[in-house]
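Undergrad: My questions all concern the structure below.
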Amino acid sequence: MKDSSFVIFIVFGCIWILMGAIGLVAFLQSEGEEIRFGKWGLVVAIPIIIPLIAALVFAAVHH
């Protein structure tokens with residue numbers, strides 16, 4: 001039961017991330033832009049995603 005607040009925090013965080021991504025896609029679609037991910041998109045996304053995944057794996061392993 002002591003981890004339930006952490007789980008709730010993670011779930012709401014994931015919901016906010018999904019809402020932001022959906023909002024960005026909806027905004028780009030309304031402007032008529034094509035949604036593309038080139039190499040520069042990966043340069044930005046990879047340094048954000050890898051530490052996030054590493055932190056979650058570290059927390060799951062050391063729990």
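Lettering and numbering for the structure tokens are positional, with chains as A, B, ... in the shown order, residues counted from 1 in each chain, and ligands counted from 1 in the shown order.
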Write out as a PyMOL selection string all residues of chain A that backbone DSSP assigns to helix (DSSP H, G or I).
TA: chain A and resi 4-30+39-61
Undergrad: Please dump the current selection as a PDB file, in the first residue's frame; keep C-alpha atoms.
TA:
ATOM      1  CA  SER A   4       0.067   3.195  -4.268  1.00  0.00           C
ATOM      2  CA  SER A   5       0.684   6.951  -4.267  1.00  0.00           C
ATOM      3  CA  PHE A   6       3.707   6.433  -6.530  1.00  0.00           C
ATOM      4  CA  VAL A   7       1.636   4.357  -8.951  1.00  0.00           C
ATOM      5  CA  ILE A   8      -1.077   7.025  -9.033  1.00  0.00           C
ATOM      6  CA  PHE A   9       1.573   9.687  -9.720  1.00  0.00           C
ATOM      7  CA  ILE A  10       3.042   7.653 -12.602  1.00  0.00           C
ATOM      8  CA  VAL A  11      -0.398   6.952 -14.105  1.00  0.00           C
ATOM      9  CA  PHE A  12      -1.379  10.624 -14.050  1.00  0.00           C
ATOM     10  CA  GLY A  13       2.015  11.546 -15.507  1.00  0.00           C
ATOM     11  CA  CYS A  14       1.488   9.112 -18.375  1.00  0.00           C
ATOM     12  CA  ILE A  15      -1.998  10.499 -18.967  1.00  0.00           C
ATOM     13  CA  TRP A  16      -0.605  14.049 -19.177  1.00  0.00           C
ATOM     14  CA  ILE A  17       2.128  12.948 -21.592  1.00  0.00           C
ATOM     15  CA  LEU A  18      -0.459  11.253 -23.823  1.00  0.00           C
ATOM     16  CA  MET A  19      -2.724  14.305 -23.711  1.00  0.00           C
ATOM     17  CA  GLY A  20       0.186  16.542 -24.710  1.00  0.00           C
ATOM     18  CA  ALA A  21       1.168  14.281 -27.601  1.00  0.00           C
ATOM     19  CA  ILE A  22      -2.413  14.050 -28.828  1.00  0.00           C
ATOM     20  CA  GLY A  23      -2.796  17.820 -28.528  1.00  0.00           C
ATOM     21  CA  LEU A  24       0.387  18.400 -30.536  1.00  0.00           C
ATOM     22  CA  VAL A  25      -0.743  16.006 -33.264  1.00  0.00           C
ATOM     23  CA  ALA A  26      -4.168  17.647 -33.377  1.00  0.00           C
ATOM     24  CA  PHE A  27      -2.566  21.097 -33.620  1.00  0.00           C
ATOM     25  CA  LEU A  28      -0.261  20.061 -36.438  1.00  0.00           C
ATOM     26  CA  GLN A  29      -3.113  18.378 -38.298  1.00  0.00           C
ATOM     27  CA  SER A  30      -5.274  21.508 -38.025  1.00  0.00           C
ATOM     28  CA  LYS A  39      17.037  12.543 -37.856  1.00  0.00           C
ATOM     29  CA  TRP A  40      16.790  15.806 -35.906  1.00  0.00           C
ATOM     30  CA  GLY A  41      13.606  14.615 -34.262  1.00  0.00           C
ATOM     31  CA  LEU A  42      15.471  11.538 -33.083  1.00  0.00           C
ATOM     32  CA  VAL A  43      18.365  13.686 -31.832  1.00  0.00           C
ATOM     33  CA  VAL A  44      15.869  15.490 -29.616  1.00  0.00           C
ATOM     34  CA  ALA A  45      13.741  12.491 -28.598  1.00  0.00           C
ATOM     35  CA  ILE A  46      16.411   9.920 -27.788  1.00  0.00           C
ATOM     36  CA  PRO A  47      18.146  11.905 -24.988  1.00  0.00           C
ATOM     37  CA  ILE A  48      14.728  12.437 -23.398  1.00  0.00           C
ATOM     38  CA  ILE A  49      13.426   8.883 -23.715  1.00  0.00           C
ATOM     39  CA  ILE A  50      16.552   6.877 -22.774  1.00  0.00           C
ATOM     40  CA  PRO A  51      17.071   8.413 -19.289  1.00  0.00           C
ATOM     41  CA  LEU A  52      13.346   8.105 -18.574  1.00  0.00           C
ATOM     42  CA  ILE A  53      13.350   4.409 -19.445  1.00  0.00           C
ATOM     43  CA  ALA A  54      16.614   3.864 -17.550  1.00  0.00           C
ATOM     44  CA  ALA A  55      15.170   5.504 -14.434  1.00  0.00           C
ATOM     45  CA  LEU A  56      12.032   3.381 -14.581  1.00  0.00           C
ATOM     46  CA  VAL A  57      14.040   0.184 -15.079  1.00  0.00           C
ATOM     47  CA  PHE A  58      16.376   1.137 -12.229  1.00  0.00           C
ATOM     48  CA  ALA A  59      13.424   1.800  -9.918  1.00  0.00           C
ATOM     49  CA  ALA A  60      11.773  -1.491 -10.880  1.00  0.00           C
ATOM     50  CA  VAL A  61      14.952  -3.526 -10.348  1.00  0.00           C
TER      51      VAL A  61
END
